[in-house]
Every structure is written in C-alpha cells, then in structure tokens.
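Novice: Dropping a structure here in structure tokens format, bear with me for questions.
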Amino acid sequence: MTGYHCLTAPQTVHWAVTYRCSSGCSDCYARRLQQDGANEMDTDKALKAISILADWGIFQLAMGGGEPFSRPDLIDLTSSAAQLGMAVLVTTGVTDLSEKILQKLSPAVSILQLNIDELRLLQEPEKERARLTREIQKVIDSGMKTGANLKLSNTTLTNSRMILDQLEACGFTSITLLRYKPPPDIDQWKQEHPALSALLEFEPILAGRVAGSPHLSIRVDCALAFVFRHMDPGEALKQGIRGCVAAQGIAGLDPLGNLLPCSQLAGYRFQAGNILQEEPGMLWREARILKTYRHIRNKAVFKQSHCGICPSSNHCGGCRVYAHDALGADPFCPEPLQPPLKNLGRTGRKIDLETHLPRRGTINIGEYMERYGVGQEKAVNELRNCPLVVKSDSTATGRKKADTYSYQYHDQVAEIQDSIGYTTAGFPYMTAEEISVWLEENDPTIKYQGYPLWLLQAGAIERGGKEGKP
C-alpha cells in the first residue's frame with residue numbers, strides 16, 4: 001500500500017468550481033456533468049468551502065471545471081485560498097486571456113495551466129503556435145508559471161512528435177499528459193479513444209522525448225500510471241510514483257461542495273457528503289465510498305483482476321474511471337504484466353484463462369497442468385469450478401488428462417443456433433458468425449468500444465447523436 005491512507009486530509013483537492021463552459025468541445029468529459037449555473041455554490045458558500053478546506057489542512061487547491069474563468073468571482077476565490085495558506089493552481093481553456101484579470105490572479109495563483117487543442121495545432125500550426133506563444137508570455141508577465149495540458153487522443157498520438165515539437169517551439173517548459181476521458185459523445189469516443197497499439201507505440205516516443213529534452217518537464221496524470229509498469233516497485237516508491245491515489249493523496253470536490261474520491265469519479269453514487277454540511281475530516285475518515293477507493297487494492301474485485309496480480313499494482317493499479325464497474329481492473333492497460341504462469345495462484349490462473357481461452361477455445365486437464373505447473377487434482381478441481389468453461393463431453397468424468405473443457409462463449413453460440421433451428425438439410429438458419437455479430441451488438445462493452453459500463457448505466461451519453469442514448 002502507498003501509505004497515504006494514514007493522512008488526516010488529502011494533499012490536494014481538485015475542485016470543479018463550475019461545470020459551465022461555453023466552448024462546447026466534443027472531447028470534454030465535463031459535459032457529462034454540466035448543470036444549470038444555479039447548481040453550484042454562490043460566492044458566499046464557495047468562500048465558506050475554501051475556509052473549511054484550509055481549516056482541514058489542505059496543502060494544494062487545484063481549480064478546474066468546466067471553465068473556471070466563467071465564474072466572475074474567480075479572483076475572490078483564489079485570493080481567499082492563497083490568504084488561507086493553500087497553494088492554488090487553475091486550469092483554463094480560454095483562448096485569449098485578459099491581461100488585467102491575469103494581473104489580479106497572479107498574487108494568489110502559482111500555476112495557470114493551459115488546455116491544448118491539438119486539432120488547432122495541426123490544422124493551423126503557425127496561427128495556433130503564435131497564439132499560444134502570446135498567451136504564455138501574458139501569463140509569465142503577470143508573474144505566474146504556466147504549463148500545457150495535453151490529452152492523449154488518437155489524433156494526438158498519431159501526431160505526437162509534431163505536437164510536442166510545436167509546444168516546445170511555443171515556449172512551454174512543462175507539459176502534463178492527460179489520459180483521454182470518456183466524453184458524452186459516443187461517436188467521438190469511438191473516433192478518439194486511443195487503441196492499445198497506439199499507446200504502446202507512444203511509450204518509446206515519450207521516453208525519447210524525456211531523455212532528449214532535459215529542459216522540458218513532462219508529467220503524466222495518475223490515470224496514465226501504466227507507463228511506469230516496468231519500473232522496479234522499490235524504485236517507483238522511492239520516486240514517489242504511486243498510480244491511483246483516489247481518496248488517499250487526492251480528493252475531488254464538485255461545484256456544490258460534495259466530496260468525491262477523485263475529480264473523475266463524479267456524480268451521486270460517488271458523493272461522500274457535502275463539506276458545507278458535514279465536517280470534512282469526519283467524511284474523510286468514515287465515508288464508505290472514500291474507504292472503498294482508499295483501500296481498492298485490498299478489495300476482491302481488484303485483487304481478482306489483471307490489475308490485482310500485476311507486479312506494478314502498488315505504483316500503478318490502473319484507473320477506476322475506465323473499469324466497467326468503476327471498481328475493478330482497467331481494461332485499457334496496453335500491456336498488462338503478470339508473474340510467470342507457473343507462479344500464478346488460483347486467482348491468477350483464472351485471470352490468465354480469461355485471455356487464453358477466447359483465442360484457444362478449449363483446454364484439457366493435461367494442458368492445464370502443463371501451462372500452470374499444478375498437479376492433476378488441482379487442475380481437475382479448478383476447471384470443474386471455473387465458470388468460463390464446460391466439459392466438451394458431458395459423459396466424461398472430467399478427471400483424465402485428456403478430458404477437455406470448452407470456453408462457454410462457443411457453447412452460447414451453439415445453444416442459440418439450436419434454439420433457432422436448422423433447415424431440413426441440416427444447415428443452421430443463422431451461422432456462427434452471424435450469431436457472434438449479434439451477440440457483440442447486444443453487448444454494450446463491445447458495441448460502444450469499451451465505453452465504461454457504469455457511465456452507460458448512468459445515462460452519460462448525450463441524446464441526439466447517431467447512437468442516441470442507450
């Protein structure tokens with residue numbers, strides 16, 4: 001474990017001061033959460049929340065949104081937080097920053113992060129580079145530090161070298177890489193959510209950039225911790241790399257003052273309580289939702305997953321936002337690690353079968369013994385009790401090395417074929433391929449290309465698109 005669970009308060013609170021934004025970016029995950037402007041704390045309540053956070057002992061307050069600059073009281077909020085001893089960071093997507101407002105923000109805000117629109121950089125590189133250069137200079141002239149927030153979409157990864165070159169040419173010395181978060185536009189998700197191969201191809205590019213540009217600070221958000229999966233666990237701990245720290249080193253706060261495990265796990269089901277109504281230290285200690293995510297690595301749903309058996313689980317652990325139940329394994333790790341097959345325990349063997357069987361279709365007792373280095377009795381018991389398989393021959397005892405088990409999915413196809421029926425010549429009315437396509441179309445995790453199931457169930461997808469609301 002990371003040790004953060006011993007803290008009496010998170011080091012950083014990520015506060016979405018509003019979900020409002022007029023930009024309408026198709027990739028914006030916050031559109032899933034946008035509400036009427038009245039559904040956020042007014043100035044008095046927001047100032048009270050800041051005072052509560054300061055009394056709680058919060059070290060750093062990161063203000064985002066939505067668009068924080070859409071709040072006319074942003075200067076008052078940042079000033080109050082700084083006067084109460086918190087380091088204040090603000091993230092913005094405003095394309096033409098007011099020098100007057102920047103001067104007023106600068107006494108309180110230590111870093112103003114600029115969100116990068118990769119499409120503008122690619123479509124109008126000279127114009128966008130000139131604009132970013134001006135914005136950087138404005139921020140620096142006001143006395144604040146700045147950096148770039150770059151989301152790793154398919155477009156970004158395809159053009160990563162060019163985009164990073166452009167950002168360096170603009171004068172950025174700090175770039176934070178953000179994982180592509182699920183937007184409410186399902187077509188946009190299908191188009192821009194990175195393929196695992198694209199993430200794998202980017203890793204050596206990133207390593208080369210870090211080594212070749214020592215003057216450039218490149219960081220990744222905790223949802224991208226899998227880039228450190230090959231690191232020795234002891235070295236990762238020494239360097240402070242801890243992967244997911246939801247409800248440990250960080251917490252989220254929504255526009256109404258509800259405390260969350262992290263800023264991405266937002267919505268009613270993740271609310272620990274409202275800090276305007278309940279003492280945050282008590283919520284931090286006692287709220288069940290925070291305890292769940294603080295100790296996620298000890299939960300069965302995590303331990304019995306490829307994230308749980310991964311040697312880098314303590315300094316990575318994946319991101320819960322992408323898990324279909326918002327709890328278990330991250331399905332988009334580009335290359336999950338696992339101990340040697342013969343070192344796997346029972347849980348590890350079951351997890352390995354989940355990826356091995358769909359490719360192979362069947363496995364017999366002898367093959368199981370050879371693959372995992374277990375005795376015959378253990379192989380028999382584990383295959384008999386494995387929900388992924390059934391005996392290929394129902395009359396077999398299931399105890400001989402030659403006795404074979406089939407992957408359940410293949411039997412599901414055959415069962416559907418039998419229920420539909422066959423022609424008088426013995427041909428099925430639907431082929432196995434047609435049934436497989438039908439099954440995939442009716443499995444939302446396949447139909448929506450891995451869009452997190454918990455978000456689908458929460459109605460996160462916007463109405464009116466090609467897909468509509470599921």
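To be explicit about the labels: the chains of the structure tokens are called A, B, and onward in the order shown, and within each one the residues are counted from 1, while ligands get numbers from 1 in the order they are shown.
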When DSSP works through the backbone of this structure, what residues of region 266-295 of chain A end up as alpha helix (DSSP H), shown as a list in words?
Specialist: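 Secondary structure check on region 266-295 of chain A, alpha helix (DSSP H): Pro280, Gly281, Met282, Leu283, Trp284, Arg285, Glu286, Arg288, Ile289, Leu290, Lys291, Thr292, Tyr293 and Arg294 of chain A.
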Novice: For the residues selected in the previous step, produce a file with C-alpha atoms as a compact mmCIF listing (two decimals), in the first residue's frame.
Specialist:
# COMPACT_ATOMS: atom_id res chain seq x y z
CA PRO A 280 -14.74 17.01 6.04
CA GLY A 281 -12.31 15.24 8.37
CA MET A 282 -15.14 13.01 9.56
CA LEU A 283 -16.21 12.32 5.97
CA TRP A 284 -12.61 11.55 5.07
CA ARG A 285 -12.34 9.03 7.90
CA GLU A 286 -15.79 7.47 7.82
CA ARG A 288 -17.84 4.33 2.88
CA ILE A 289 -17.22 5.47 -0.70
CA LEU A 290 -13.88 7.03 0.28
CA LYS A 291 -12.84 3.95 2.26
CA THR A 292 -13.66 1.79 -0.77
CA TYR A 293 -11.35 3.69 -3.11
CA ARG A 294 -8.69 4.33 -0.48
Novice: Using only C-alpha atoms, determine which residues lie at most 10 Å from region 349-365 of chain A, disregarding the query and same-chain residues fewer than 5 positions distant; provide the list as a VMD selection string.
Specialist: chain A and resid 304 to 306 308 to 309 338 341 to 344 370 to 372 375 to 383 386 to 392 398 to 410
Novice: Could you give me, as a tab-separated table, every region 308-424 of chain A residue with an atom at most 10 Å from region 215-230 of chain A, plus its closest atom pair and distance in Å to one decimal, counting only C-alpha atoms, rows ordered by chain then number?
Specialist:
residue	atom	partner	partner_atom	distance
A:Cys310	CA	A:Arg229	CA	8.6
A:Pro311	CA	A:Arg229	CA	8.0
A:Ser312	CA	A:Arg229	CA	5.4
A:Ser313	CA	A:Arg229	CA	8.2
A:Asn314	CA	A:Arg229	CA	9.8
A:His315	CA	A:Ala225	CA	7.5
A:Cys316	CA	A:Ala225	CA	5.1
A:Gly317	CA	A:Ala225	CA	7.8
A:Gly318	CA	A:Ala223	CA	6.5
A:Cys319	CA	A:Ala223	CA	5.2
A:Arg320	CA	A:Ala223	CA	8.5
A:Val321	CA	A:Ala223	CA	8.6
A:Tyr322	CA	A:Ala223	CA	9.3
A:Asp330	CA	A:Ala223	CA	9.6
A:Phe332	CA	A:Phe226	CA	9.6
A:Cys333	CA	A:Phe226	CA	6.5
A:Pro334	CA	A:Phe226	CA	8.0
A:Glu335	CA	A:Phe226	CA	8.5
A:Pro336	CA	A:Arg229	CA	8.3
A:Leu337	CA	A:Arg229	CA	7.7
Novice: Write to file, as a compact mmCIF listing (two decimals), in the first residue's frame, the residues of the selection just made, with C-alpha atoms.
Specialist:
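Saved file out-v7.txt follows:
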# COMPACT_ATOMS: atom_id res chain seq x y z
CA CYS A 310 0.23 -7.21 -11.81
CA PRO A 311 3.69 -6.77 -10.21
CA SER A 312 3.25 -2.99 -10.53
CA SER A 313 -0.17 -2.86 -8.85
CA ASN A 314 1.09 -0.69 -5.97
CA HIS A 315 2.63 2.02 -8.15
CA CYS A 316 0.01 1.82 -10.89
CA GLY A 317 -3.21 -0.08 -10.29
CA GLY A 318 -4.96 1.34 -13.34
CA CYS A 319 -7.76 3.89 -13.30
CA ARG A 320 -11.20 3.13 -11.93
CA VAL A 321 -12.90 5.53 -14.35
CA TYR A 322 -12.39 3.02 -17.17
CA ASP A 330 -8.56 -1.04 -16.00
CA PHE A 332 -7.20 -0.34 -21.35
CA CYS A 333 -3.78 -1.04 -19.94
CA PRO A 334 -1.85 -1.52 -23.20
CA GLU A 335 0.23 -4.41 -21.90
CA PRO A 336 -0.77 -5.88 -18.50
CA LEU A 337 2.08 -7.57 -16.69
Novice: Contacts of Pro214 (chain A) at 12 Å or less, counting only C-alpha atoms, minus same-chain residues fewer than 6 places along, as a PyMOL selection string?
Specialist: chain A and resi 168+173-174+207-208
Novice: Which of these residues is nearest to Asn115 (chain A), using only C-alpha atoms: A:Ile416, A:Ala87, A:Leu206, A:Ile136?
Specialist: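 Ranked by minimum distance to Asn115 (chain A), first place goes to A:Ile136.
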Novice: How far is it from CA of Arg32 (chain A) to CA of Gly66 (chain A), in Å with one decimal?
Specialist: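 That distance, rounded to one decimal, is 10.5 Å.
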Novice: Write out as number ranges by chain all residues of region 3-57 of chain A that backbone DSSP assigns to strand (DSSP E).
Specialist: A: 12-16
Novice: Would you please work out which residue, of A:Gly243, A:Leu178, A:Met162, A:Pro444, is nearest to Leu150 (chain A) when using only C-alpha atoms?
Specialist: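 Of A:Gly243, A:Leu178, A:Met162, A:Pro444, the one nearest Leu150 (chain A), counting only C-alpha atoms, is A:Leu178.
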Novice: Would you work out the distance separating CA of Val17 (chain A) from CA of Ser263 (chain A), expressed in Å to one decimal?
Specialist: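 One can read the CA of Val17 (chain A) to CA of Ser263 (chain A) distance as 11.1 Å.
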Novice: For a quick check of understanding, using only C-alpha atoms, which of A:Asn149, A:Gln166, A:Gln113, A:Thr92 has the smallest distance to Glu128 (chain A)?
Specialist: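 Closest candidate: A:Gln166.
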Novice: Could you pull the residues within 8 Å of Thr12 (chain A), counting only C-alpha atoms, minus those fewer than 5 positions along the same chain, as a ChimeraX atom specification?
Specialist: /A:58-62,249-251
Novice: As an MDAnalysis selection string, please: the residues near Ser51 (chain A) (cut-off 12 Å, only C-alpha atoms, same-chain neighbours under 5 positions excluded).
Specialist: chainID A and resid 44:46 56:58 61 77:86 275:276 280
Novice: What lies within 6 Å of Pro184 (chain A) using only C-alpha atoms, ignoring chain neighbours under 3 positions off, as a ChimeraX atom specification?
Specialist: /A:32,460-462
Novice: Generate the output file for the selected residues, N, CA and C atoms, as a PDB file, in the first residue's frame.
Specialist:
ATOM      1  N   ARG A  32     -20.617  15.718 -19.464  1.00  0.00           N
ATOM      2  CA  ARG A  32     -21.464  14.705 -18.834  1.00  0.00           C
ATOM      3  C   ARG A  32     -22.066  15.227 -17.538  1.00  0.00           C
ATOM      4  N   ALA A 460     -24.797   8.642 -19.307  1.00  0.00           N
ATOM      5  CA  ALA A 460     -23.822   9.698 -19.583  1.00  0.00           C
ATOM      6  C   ALA A 460     -23.809  10.137 -21.033  1.00  0.00           C
ATOM      7  N   ILE A 461     -24.275   9.277 -21.944  1.00  0.00           N
ATOM      8  CA  ILE A 461     -24.219   9.621 -23.367  1.00  0.00           C
ATOM      9  C   ILE A 461     -25.334  10.595 -23.708  1.00  0.00           C
ATOM     10  N   GLU A 462     -24.966  11.606 -24.475  1.00  0.00           N
ATOM     11  CA  GLU A 462     -25.922  12.642 -24.856  1.00  0.00           C
ATOM     12  C   GLU A 462     -26.983  12.090 -25.813  1.00  0.00           C
TER      13      GLU A 462
END
